[in-house]
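To be precise, the following lines are my_file-v4.cif, and they hold mmCIF, C-alpha atoms and all ligand atoms.
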```
data_model
#
loop_
_atom_site.label_atom_id
_atom_site.label_comp_id
_atom_site.auth_asym_id
_atom_site.auth_seq_id
_atom_site.Cartn_x
_atom_site.Cartn_y
_atom_site.Cartn_z
CA MET X 364 -32.76 2.42 87.94
CA GLN X 365 -31.37 4.01 91.08
CA VAL X 366 -33.81 4.89 93.84
CA VAL X 367 -33.47 6.07 97.42
CA GLU X 368 -35.83 4.24 99.78
CA LEU X 369 -36.64 4.76 103.45
CA SER X 370 -37.03 1.44 105.27
CA ALA X 371 -37.91 2.85 108.74
CA PHE X 372 -37.97 6.28 110.40
CA GLY X 373 -34.57 8.01 110.61
CA LEU X 374 -32.18 9.78 108.25
CA ASP X 375 -29.83 6.79 108.50
CA MET X 376 -32.60 4.59 107.07
CA LEU X 377 -32.29 6.24 103.62
CA LYS X 378 -30.49 3.81 101.30
CA LEU X 379 -29.76 3.73 97.57
CA PHE X 380 -31.09 0.68 95.68
CA ASP X 381 -31.14 -0.64 92.12
CA ARG X 382 -34.72 -1.35 91.01
CA GLU X 383 -36.41 -2.29 87.77
CA LYS X 384 -37.26 0.66 85.52
CA PRO X 385 -41.07 1.13 85.39
CA ALA X 386 -43.10 1.46 82.16
CA ALA X 387 -45.93 3.84 81.31
CA GLY X 388 -49.39 2.25 80.85
CA PRO X 389 -52.39 3.82 79.10
CA GLY X 390 -52.85 7.47 80.10
CA GLU X 391 -49.49 7.51 81.91
CA VAL X 392 -46.10 9.12 81.33
CA LEU X 393 -42.63 7.92 82.27
CA VAL X 394 -40.54 10.75 83.76
CA ARG X 395 -36.74 10.55 83.95
CA PHE X 396 -35.89 12.69 86.97
CA GLU X 397 -32.98 15.12 86.83
CA ALA X 398 -33.48 16.97 90.10
CA ALA X 399 -35.42 17.09 93.36
CA SER X 400 -35.75 19.56 96.21
CA VAL X 401 -36.32 19.12 99.94
CA ASN X 402 -39.04 20.63 102.11
CA PRO X 403 -39.51 20.63 105.90
CA ARG X 404 -42.36 18.13 105.42
CA ASP X 405 -39.92 15.63 103.87
CA TYR X 406 -37.62 15.92 106.88
CA GLN X 407 -40.56 15.44 109.24
CA ILE X 408 -41.87 12.41 107.31
CA ILE X 409 -38.45 10.74 107.23
CA THR X 410 -37.71 11.33 110.90
CA GLY X 411 -41.19 10.18 111.99
CA HIS X 412 -42.48 13.58 113.12
CA PHE X 413 -45.15 14.11 110.46
CA THR X 414 -47.32 10.99 110.73
CA PRO X 415 -46.92 7.47 112.08
CA ASN X 416 -48.83 6.20 109.01
CA VAL X 417 -45.99 5.60 106.59
CA GLN X 418 -45.86 2.49 104.40
CA PHE X 419 -42.24 1.31 104.17
CA PRO X 420 -40.29 1.21 101.99
CA LEU X 421 -41.07 4.80 100.96
CA VAL X 422 -39.49 6.75 98.11
CA PRO X 423 -39.27 10.17 99.77
CA LEU X 424 -39.47 13.82 98.61
CA SER X 425 -42.52 15.48 97.13
CA ASP X 426 -40.74 17.66 94.58
CA GLY X 427 -38.76 16.91 91.44
CA ALA X 428 -38.31 17.73 87.77
CA GLY X 429 -37.34 15.74 84.72
CA ILE X 430 -38.03 14.79 81.13
CA VAL X 431 -40.86 12.75 79.67
CA GLU X 432 -39.10 9.68 78.28
CA ALA X 433 -42.14 7.64 77.19
CA VAL X 434 -45.91 8.04 77.04
CA GLY X 435 -48.65 5.40 77.19
CA ASP X 436 -51.63 5.06 74.86
CA GLY X 437 -54.02 8.00 74.80
CA VAL X 438 -51.67 10.58 76.35
CA SER X 439 -52.26 14.06 74.90
CA ARG X 440 -51.29 16.61 77.60
CA VAL X 441 -47.53 16.07 77.19
CA SER X 442 -45.13 14.56 74.65
CA ILE X 443 -41.84 12.69 74.75
CA GLY X 444 -39.03 15.16 75.45
CA ASP X 445 -41.19 17.63 77.41
CA ARG X 446 -39.65 18.93 80.64
CA VAL X 447 -42.12 18.45 83.48
CA THR X 448 -42.62 18.34 87.22
CA PRO X 449 -45.14 16.09 88.95
CA THR X 450 -47.74 17.88 91.08
CA PHE X 451 -47.75 17.74 94.88
CA PHE X 452 -51.31 16.34 95.06
CA PRO X 453 -51.60 14.16 91.92
CA GLU X 454 -55.39 13.91 92.16
CA TRP X 455 -56.28 17.52 93.03
CA ILE X 456 -56.82 19.17 89.67
CA SER X 457 -58.89 22.31 90.33
CA GLY X 458 -61.16 24.21 92.71
CA GLU X 459 -61.54 23.36 96.38
CA ALA X 460 -60.25 19.89 97.23
CA LEU X 461 -62.57 17.06 98.09
CA ASN X 462 -61.12 14.82 100.82
CA ALA X 463 -60.19 12.15 98.27
CA GLU X 464 -58.33 14.66 96.11
CA ARG X 465 -56.00 15.53 98.98
CA ALA X 466 -55.68 11.99 100.31
CA VAL X 467 -52.68 11.26 98.10
CA SER X 468 -49.53 13.40 98.14
CA SER X 469 -46.16 12.87 96.52
CA GLY X 470 -43.51 11.37 98.79
CA LEU X 471 -45.97 10.07 101.36
CA GLU X 472 -49.04 8.16 100.16
CA THR X 473 -47.46 7.70 96.72
CA PRO X 474 -43.75 7.36 95.81
CA GLY X 475 -41.78 10.58 95.77
CA THR X 476 -39.14 11.98 93.44
CA LEU X 477 -35.87 10.57 94.81
CA ARG X 478 -35.49 8.08 91.95
CA GLU X 479 -34.31 8.01 88.37
CA TYR X 480 -37.72 7.19 86.90
CA GLY X 481 -41.35 7.61 87.93
CA VAL X 482 -44.66 6.85 86.23
CA TYR X 483 -47.45 9.40 86.54
CA GLN X 484 -50.97 9.91 85.22
CA GLU X 485 -50.69 12.51 82.48
CA SER X 486 -53.03 14.73 84.53
CA ALA X 487 -50.44 14.81 87.36
CA VAL X 488 -47.55 16.46 85.51
CA VAL X 489 -47.07 20.07 84.42
CA ARG X 490 -44.72 21.40 81.73
CA VAL X 491 -41.85 23.49 83.05
CA ALA X 492 -41.27 27.13 82.00
CA PRO X 493 -38.51 27.05 79.33
CA HIS X 494 -36.01 29.34 81.12
CA LEU X 495 -35.79 27.12 84.21
CA SER X 496 -33.09 24.52 84.83
CA ALA X 497 -34.15 21.16 86.28
CA VAL X 498 -33.00 22.06 89.80
CA GLU X 499 -34.85 25.39 89.58
CA ALA X 500 -38.05 23.68 88.37
CA ALA X 501 -37.76 21.12 91.19
CA CYS X 502 -38.19 23.98 93.70
CA LEU X 503 -41.71 24.83 92.60
CA PRO X 504 -44.29 22.04 93.21
CA CYS X 505 -44.56 22.63 96.97
CA ALA X 506 -42.91 25.91 98.04
CA GLY X 507 -43.66 27.81 94.82
CA LEU X 508 -47.29 26.75 94.57
CA THR X 509 -47.90 27.38 98.28
CA ALA X 510 -46.72 30.98 97.91
CA TRP X 511 -48.82 31.40 94.72
CA THR X 512 -51.98 29.99 96.33
CA ALA X 513 -51.55 32.37 99.27
CA LEU X 514 -50.76 35.47 97.21
CA VAL X 515 -52.94 35.02 94.15
CA THR X 516 -55.75 32.52 94.82
CA MET X 517 -56.46 33.62 98.38
CA SER X 518 -55.21 37.20 98.74
CA GLN X 519 -55.62 38.52 95.15
CA ILE X 520 -52.39 40.49 95.49
CA THR X 521 -51.99 43.18 92.87
CA GLN X 522 -50.04 46.34 91.96
CA GLY X 523 -49.48 48.62 94.95
CA ASN X 524 -50.39 46.08 97.65
CA THR X 525 -48.03 45.29 100.53
CA VAL X 526 -47.05 41.74 101.44
CA LEU X 527 -45.30 40.60 104.62
CA LEU X 528 -43.08 37.53 104.32
CA GLN X 529 -41.82 35.64 107.35
CA GLY X 530 -38.26 34.38 106.95
CA THR X 531 -36.05 33.72 103.97
CA GLY X 532 -36.78 30.04 103.29
CA GLY X 533 -38.23 28.28 100.28
CA VAL X 534 -41.80 29.55 100.62
CA ALA X 535 -40.89 33.10 101.65
CA LEU X 536 -38.41 33.67 98.81
CA ALA X 537 -40.85 32.21 96.27
CA GLY X 538 -43.29 34.72 97.78
CA LEU X 539 -40.74 37.52 97.33
CA SER X 540 -40.20 36.99 93.61
CA LEU X 541 -43.90 36.39 92.90
CA SER X 542 -44.96 39.45 94.94
CA LYS X 543 -42.48 41.72 93.16
CA ALA X 544 -43.64 40.45 89.76
CA LEU X 545 -47.25 41.10 90.84
CA GLY X 546 -46.26 44.72 91.58
CA ALA X 547 -46.48 44.58 95.37
CA GLN X 548 -44.11 46.12 97.90
CA VAL X 549 -42.61 43.54 100.22
CA ILE X 550 -41.58 43.47 103.86
CA VAL X 551 -39.27 40.58 104.77
CA LEU X 552 -38.59 39.29 108.29
CA SER X 553 -35.50 37.32 109.21
CA SER X 554 -33.39 36.41 112.25
CA SER X 555 -30.25 37.32 110.29
CA ASN X 556 -29.10 40.74 109.11
CA ASP X 557 -26.97 39.06 106.42
CA LYS X 558 -30.04 37.27 105.07
CA LEU X 559 -31.99 40.54 105.15
CA GLU X 560 -29.24 42.25 103.19
CA ARG X 561 -29.46 39.52 100.54
CA ALA X 562 -33.30 39.74 100.59
CA ARG X 563 -32.94 43.46 99.82
CA GLU X 564 -30.73 42.60 96.82
CA LEU X 565 -33.47 40.18 95.71
CA GLY X 566 -36.05 42.98 95.78
CA ALA X 567 -37.34 43.30 99.36
CA ASP X 568 -38.47 46.90 99.99
CA HIS X 569 -38.36 46.75 103.79
CA CYS X 570 -36.54 44.41 106.16
CA ILE X 571 -37.14 43.69 109.83
CA ASN X 572 -35.00 41.49 112.08
CA TYR X 573 -37.58 39.58 114.11
CA THR X 574 -35.12 38.73 116.88
CA THR X 575 -34.29 42.39 117.63
CA THR X 576 -37.75 43.80 116.74
CA THR X 577 -39.92 41.22 118.47
CA ASP X 578 -43.08 43.33 118.14
CA TRP X 579 -42.76 43.62 114.37
CA GLY X 580 -46.54 43.61 113.85
CA PRO X 581 -47.09 47.33 114.61
CA ARG X 582 -43.91 48.19 112.67
CA ALA X 583 -45.15 46.38 109.55
CA TYR X 584 -48.61 47.99 109.93
CA GLU X 585 -46.94 51.40 109.99
CA ILE X 586 -44.64 50.71 107.01
CA ALA X 587 -47.64 49.69 104.89
CA GLY X 588 -49.55 52.85 105.81
CA HIS X 589 -52.69 51.24 107.19
CA GLY X 590 -51.59 47.64 107.49
CA VAL X 591 -50.33 45.03 105.06
CA ASP X 592 -52.66 43.40 102.56
CA ALA X 593 -51.37 39.87 103.11
CA VAL X 594 -49.05 37.89 105.34
CA LEU X 595 -47.40 34.60 104.47
CA GLU X 596 -47.60 33.15 107.97
CA ILE X 597 -44.66 30.76 108.35
CA GLY X 598 -44.03 30.82 112.11
CA GLY X 599 -47.34 29.62 113.60
CA THR X 600 -47.61 29.91 117.37
CA GLY X 601 -44.90 32.52 117.81
CA THR X 602 -45.92 34.81 114.96
CA LEU X 603 -49.69 34.76 114.38
CA GLU X 604 -50.44 37.48 116.94
CA ASN X 605 -48.01 39.91 115.28
CA SER X 606 -49.42 38.96 111.87
CA LEU X 607 -52.92 39.89 112.99
CA THR X 608 -51.57 43.25 114.17
CA ALA X 609 -49.74 43.79 110.88
CA ILE X 610 -52.75 43.38 108.54
CA ARG X 611 -55.10 46.10 107.33
CA HIS X 612 -58.87 45.88 107.78
CA GLY X 613 -59.96 42.95 105.64
CA GLY X 614 -56.33 41.85 105.24
CA HIS X 615 -55.32 38.25 104.63
CA VAL X 616 -53.29 35.98 106.88
CA ASN X 617 -52.27 32.87 104.98
CA ILE X 618 -51.47 30.16 107.50
CA ILE X 619 -48.74 28.07 105.93
CA GLY X 620 -46.08 26.99 108.41
CA TYR X 621 -45.48 26.11 112.01
CA MET X 622 -41.77 26.80 112.48
CA THR X 623 -42.36 28.02 116.06
CA GLY X 624 -45.16 25.60 117.00
CA VAL X 625 -48.76 24.69 116.31
CA ASP X 626 -50.78 25.32 119.49
CA MET X 627 -51.80 28.68 120.89
CA ASP X 628 -54.49 30.62 122.71
CA ILE X 629 -56.05 33.19 120.47
CA THR X 630 -58.36 36.10 121.19
CA VAL X 631 -61.12 36.50 118.64
CA PHE X 632 -61.59 40.29 118.99
CA PRO X 633 -58.72 41.36 116.68
CA LEU X 634 -60.12 39.03 114.03
CA ILE X 635 -63.61 40.47 114.35
CA ILE X 636 -62.57 44.11 114.62
CA LYS X 637 -60.32 43.82 111.56
CA ASN X 638 -62.63 41.63 109.44
CA ALA X 639 -59.51 39.49 109.15
CA GLN X 640 -59.38 36.86 106.45
CA LEU X 641 -57.57 33.76 107.68
CA HIS X 642 -56.78 31.10 105.11
CA GLY X 643 -55.30 27.70 105.84
CA ILE X 644 -53.09 26.91 102.87
CA GLY X 645 -52.48 23.32 101.79
CA THR X 646 -50.13 23.79 98.82
CA GLY X 647 -52.68 24.03 95.97
CA ASN X 648 -54.21 22.38 92.92
CA ARG X 649 -52.81 21.58 89.48
CA ASP X 650 -54.65 24.36 87.67
CA ALA X 651 -53.17 26.94 90.06
CA TYR X 652 -49.76 25.32 89.58
CA GLU X 653 -50.08 25.64 85.80
CA ALA X 654 -51.13 29.28 86.14
CA MET X 655 -48.13 29.87 88.39
CA MET X 656 -45.76 28.17 85.93
CA LYS X 657 -47.09 30.41 83.11
CA PHE X 658 -46.54 33.51 85.28
CA VAL X 659 -43.04 32.28 86.26
CA GLY X 660 -42.28 31.85 82.54
CA GLU X 661 -43.63 35.28 81.56
CA HIS X 662 -41.60 37.01 84.27
CA GLU X 663 -38.57 34.71 83.97
CA ILE X 664 -38.64 34.10 87.71
CA ARG X 665 -35.89 31.86 89.06
CA PRO X 666 -36.10 30.22 92.49
CA VAL X 667 -33.26 31.09 94.86
CA ILE X 668 -31.12 28.00 95.46
CA SER X 669 -28.96 27.82 98.54
CA GLU X 670 -27.10 24.55 97.96
CA THR X 671 -27.28 21.49 95.70
CA PHE X 672 -26.41 17.95 96.81
CA SER X 673 -26.15 14.59 95.04
CA MET X 674 -28.64 11.74 95.50
CA ASN X 675 -26.12 10.00 97.80
CA GLU X 676 -26.05 13.08 100.03
CA THR X 677 -29.81 13.23 100.68
CA ALA X 678 -29.42 12.88 104.46
CA THR X 679 -26.93 15.78 104.48
CA ALA X 680 -29.32 17.87 102.37
CA LEU X 681 -32.11 17.25 104.89
CA GLU X 682 -29.84 17.98 107.87
CA THR X 683 -28.79 21.23 106.20
CA LEU X 684 -32.46 22.19 105.78
CA ALA X 685 -33.23 21.36 109.41
CA ARG X 686 -30.27 23.45 110.68
CA GLY X 687 -31.87 26.50 109.05
CA GLY X 688 -28.79 28.42 107.85
CA HIS X 689 -30.01 28.34 104.25
CA MET X 690 -31.85 30.93 102.15
CA GLY X 691 -34.35 29.70 99.56
CA LYS X 692 -34.24 26.08 98.46
CA ILE X 693 -31.95 23.10 98.97
CA THR X 694 -31.87 20.84 95.91
CA ILE X 695 -30.63 17.42 94.83
CA THR X 696 -29.37 16.34 91.42
CA ILE X 697 -30.50 12.92 90.21
N1 LIG G 701 -49.07 24.60 104.17
C1 LIG G 701 -48.35 24.25 103.13
O1 LIG G 701 -48.86 23.89 102.07
C2 LIG G 701 -46.86 24.33 103.25
C3 LIG G 701 -46.05 24.23 102.12
C4 LIG G 701 -44.66 24.40 102.26
C5 LIG G 701 -44.13 24.62 103.53
N2 LIG G 701 -44.96 24.66 104.61
C6 LIG G 701 -44.44 24.96 105.95
O2 LIG G 701 -44.00 26.32 105.93
C7 LIG G 701 -42.85 26.50 106.74
C8 LIG G 701 -41.70 27.07 105.89
O3 LIG G 701 -41.38 26.17 104.83
P1 LIG G 701 -40.09 26.46 103.94
O4 LIG G 701 -40.04 25.41 102.91
O5 LIG G 701 -40.03 27.88 103.56
O6 LIG G 701 -38.96 26.17 105.05
P2 LIG G 701 -37.46 26.68 105.15
O7 LIG G 701 -36.89 26.87 103.81
O8 LIG G 701 -36.78 25.75 106.09
O9 LIG G 701 -37.59 28.12 105.83
C9 LIG G 701 -38.00 28.26 107.15
C10 LIG G 701 -38.00 29.75 107.46
O10 LIG G 701 -38.73 29.98 108.66
C11 LIG G 701 -38.27 31.22 109.12
N3 LIG G 701 -38.66 31.38 110.53
C12 LIG G 701 -38.40 30.55 111.56
N4 LIG G 701 -38.88 31.08 112.70
C13 LIG G 701 -39.43 32.27 112.38
C14 LIG G 701 -40.04 33.31 113.14
N5 LIG G 701 -40.20 33.24 114.46
N6 LIG G 701 -40.48 34.41 112.47
C15 LIG G 701 -40.33 34.52 111.13
N7 LIG G 701 -39.74 33.56 110.37
C16 LIG G 701 -39.29 32.46 110.99
C17 LIG G 701 -36.76 31.18 108.94
O11 LIG G 701 -36.32 32.50 108.75
P3 LIG G 701 -34.80 33.04 108.89
O12 LIG G 701 -33.88 31.84 108.71
O13 LIG G 701 -34.66 34.04 107.80
O14 LIG G 701 -34.71 33.64 110.25
C18 LIG G 701 -36.63 30.34 107.66
O15 LIG G 701 -36.34 31.14 106.56
C19 LIG G 701 -42.57 25.13 107.35
O16 LIG G 701 -43.21 25.06 108.60
C20 LIG G 701 -43.21 24.17 106.37
O17 LIG G 701 -43.56 22.93 106.98
C21 LIG G 701 -46.29 24.52 104.49
#
```
Please render this file's structure as structure tokens.
Amino acid sequence: MQVVELSAFGLDMLKLFDREKPAAGPGEVLVRFEAASVNPRDYQIITGHFTPNVQFPLVPLSDGAGIVEAVGDGVSRVSIGDRVTPTFFPEWISGEALNAERAVSSGLETPGTLREYGVYQESAVVRVAPHLSAVEAACLPCAGLTAWTALVTMSQITQGNTVLLQGTGGVALAGLSLSKALGAQVIVLSSSNDKLERARELGADHCINYTTTTDWGPRAYEIAGHGVDAVLEIGGTGTLENSLTAIRHGGHVNIIGYMTGVDMDITVFPLIIKNAQLHGIGTGNRDAYEAMMKFVGEHEIRPVISETFSMNETATALETLARGGHMGKITITI
């Protein structure tokens, strides 16, 4: 089978190899991958900016989708021919994670999806909603679930709520389609008026250019009436202060990304005065992912795909992600 392996840090260290096809043992399933997608974490892992603790060679990328080609003895959750995606944390099934349940993630501590075949515990794959193509399904394990965990598990977003989304990337646009299907009104921030125009076509109710309206927090508070119910906090250092201004009393700030940095001084008073609810989001568990997939199926939600590359073009796909001109997800066919 064909597999892309990383032999040392650097995009130029990604090479295509021919390896023996694996076989499913008891309780395991063999997945034939058709598609993968890239996330900022993958870029950071590959270039050595996520952690120094990488065991080479590494099969990169956390997210992919494919077909169950074989099952081992005792498998009952899925059958041959089912379309599935592996989960981001293969051992985190439900509830709050114990340390051990989050110790293993796809494309870092265990091989990722940039290969023709992978073997997984049956508990670590989820059936794909029928309307989704393989590249669409490959967008969901990280970005889709992260948005779902923030909106549904943590913020309990419902009809009539207001959600603020930072940017127009994979997580934010997953957040846009999920929020609209949940019945919320949505405010989208972007650096680009063209992207905001497209976000409006995708259902955004209000758009703010964060480069021209740098104090967008009060503006979002005003649009929502008395503050937004939830923020998907993507920026980190450069955005958290505005997010805390934007929320209502008891509103939720879901801390997801760090596009503008990780360190900052913070004053506790706005948090206290507003009874703010700050949640660190680490993707999510399998049960939440299954619930999300059911919801995605019921509402026929399709991830927004910016560009699709071939397996040979993985480095270009990652460079394209890092440049930041995209909207939604960048995917790879396998
Ligand atoms: N915690 C988790 O479980 C988890 C899961 C997935 C991702 N993440 C993190 O979340 C972040 C986004 O991931 P992604 O997959 O959506 O990445 P992406 O597709 O590359 O999108 C990044 C987005 O960040 C936006 N952005 C950059 N600076 C901003 C600012 N100052 N204010 C508002 N928006 C800003 C950009 O908006 P415009 O281009 O529209 O200006 C862009 O759309 C990354 O830091 C990633 O590492 C965390």
Inset, instruction - Show which residues sit within 10 Å of range 633-649 of chain X, as a VMD selection string. Count all atoms listed in the file, and ignore same-chain residues fewer than 6 positions away. - result: chain X and resid 449 to 460 464 to 465 486 to 489 504 to 513 516 to 518 593 to 596 604 607 to 608 610 to 620 655
Output C-alpha atoms of each residue in that selection to a file, as a short mmCIF file (atom, residue, chain, number, x, y, z; two decimals), in the frame of the given file.
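The resulting file, again35.cif, is reproduced below:
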```
data_model
loop_
_atom_site.label_atom_id
_atom_site.label_comp_id
_atom_site.auth_asym_id
_atom_site.auth_seq_id
_atom_site.Cartn_x
_atom_site.Cartn_y
_atom_site.Cartn_z
CA PRO X 449 -45.14 16.09 88.95
CA THR X 450 -47.74 17.88 91.08
CA PHE X 451 -47.75 17.74 94.88
CA PHE X 452 -51.31 16.34 95.06
CA PRO X 453 -51.60 14.16 91.92
CA GLU X 454 -55.39 13.91 92.16
CA TRP X 455 -56.28 17.52 93.03
CA ILE X 456 -56.82 19.17 89.67
CA SER X 457 -58.89 22.31 90.33
CA GLY X 458 -61.16 24.21 92.71
CA GLU X 459 -61.54 23.36 96.38
CA ALA X 460 -60.25 19.89 97.23
CA GLU X 464 -58.33 14.66 96.11
CA ARG X 465 -56.00 15.53 98.98
CA SER X 486 -53.03 14.73 84.53
CA ALA X 487 -50.44 14.81 87.36
CA VAL X 488 -47.55 16.46 85.51
CA VAL X 489 -47.07 20.07 84.42
CA PRO X 504 -44.29 22.04 93.21
CA CYS X 505 -44.56 22.63 96.97
CA ALA X 506 -42.91 25.91 98.04
CA GLY X 507 -43.66 27.81 94.82
CA LEU X 508 -47.29 26.75 94.57
CA THR X 509 -47.90 27.38 98.28
CA ALA X 510 -46.72 30.98 97.91
CA TRP X 511 -48.82 31.40 94.72
CA THR X 512 -51.98 29.99 96.33
CA ALA X 513 -51.55 32.37 99.27
CA THR X 516 -55.75 32.52 94.82
CA MET X 517 -56.46 33.62 98.38
CA SER X 518 -55.21 37.20 98.74
CA ALA X 593 -51.37 39.87 103.11
CA VAL X 594 -49.05 37.89 105.34
CA LEU X 595 -47.40 34.60 104.47
CA GLU X 596 -47.60 33.15 107.97
CA GLU X 604 -50.44 37.48 116.94
CA LEU X 607 -52.92 39.89 112.99
CA THR X 608 -51.57 43.25 114.17
CA ILE X 610 -52.75 43.38 108.54
CA ARG X 611 -55.10 46.10 107.33
CA HIS X 612 -58.87 45.88 107.78
CA GLY X 613 -59.96 42.95 105.64
CA GLY X 614 -56.33 41.85 105.24
CA HIS X 615 -55.32 38.25 104.63
CA VAL X 616 -53.29 35.98 106.88
CA ASN X 617 -52.27 32.87 104.98
CA ILE X 618 -51.47 30.16 107.50
CA ILE X 619 -48.74 28.07 105.93
CA GLY X 620 -46.08 26.99 108.41
CA MET X 655 -48.13 29.87 88.39
#
```
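Each of X:Ala497, X:Leu421, X:Ala387, X:Val366 was checked against Ile443 in chain X using all atoms listed in the file; the smallest atom-to-atom distance is that of X:Ala387.
Between CA of Phe632 in chain X and CA of Leu528 in chain X the separation is 23.8 Å.
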Write out as JSON an axis-aligned box for ligand LIG 701 (chain G): all of its atoms listed in the file, 5 Å added on each side, centre and edge lengths in Å with one decimal.
```
{"center_x": -41.5, "center_y": 28.7, "center_z": 108.3, "size_x": 25.2, "size_y": 21.6, "size_z": 22.4}
```
Inset, instruction - Show me as a ChimeraX atom specification the residues that reach within 9 Å of (-35.2, 16.2, 96.4), counting only C-alpha atoms and using the file's own coordinates. - result: /X:398-402,405,423-427,475-477,501-502,672,674,677,680,693-697
Inset, instruction - For Ala547 in chain X, work out the shell of residues within 9 Å, counting only C-alpha atoms and skipping chain neighbours fewer than 3 positions away, then give it as number ranges by chain. - result: X: 520-526, 541-544
Inset, instruction - Collect all residues with atoms no farther than 7 Å from ligand LIG 701 (chain G), counting all atoms listed in the file, and output them as an NGL selection string. - result: :X and (402-404 or 505-506 or 509 or 529-535 or 552-555 or 558 or 573 or 597-598 or 601-602 or 618-623 or 644-646 or 684-685 or 687-692)
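Counting all atoms listed in the file, the residue from X:Ile571, X:Ile668, X:Val447, X:Leu377 that sits nearest to Glu653 in chain X is X:Val447.
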Inset, instruction - Mind checking which residues fall within 7 Å of Ile430 in chain X, counting all atoms listed in the file, ignoring those fewer than 3 positions away in the same chain, and posting them as a ChimeraX atom specification? - result: /X:394-396,444-447
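For the residues X:Ala500, X:Ile550, X:Ala386, X:Cys570, ranking by smallest atom-to-atom distance to Gly429 in chain X using only C-alpha atoms places X:Ala500 first.
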Inset, instruction - Grab the CA of Leu374 in chain X to CA of Gly411 in chain X distance for me, in Å with one decimal place. - result: 9.8 Å
Legend entry - Residue nearest Arg478 in chain X - candidates X:Ala428, X:Leu545, X:Val491, X:Ile586, atoms counted: only C-alpha atoms: X:Ala428
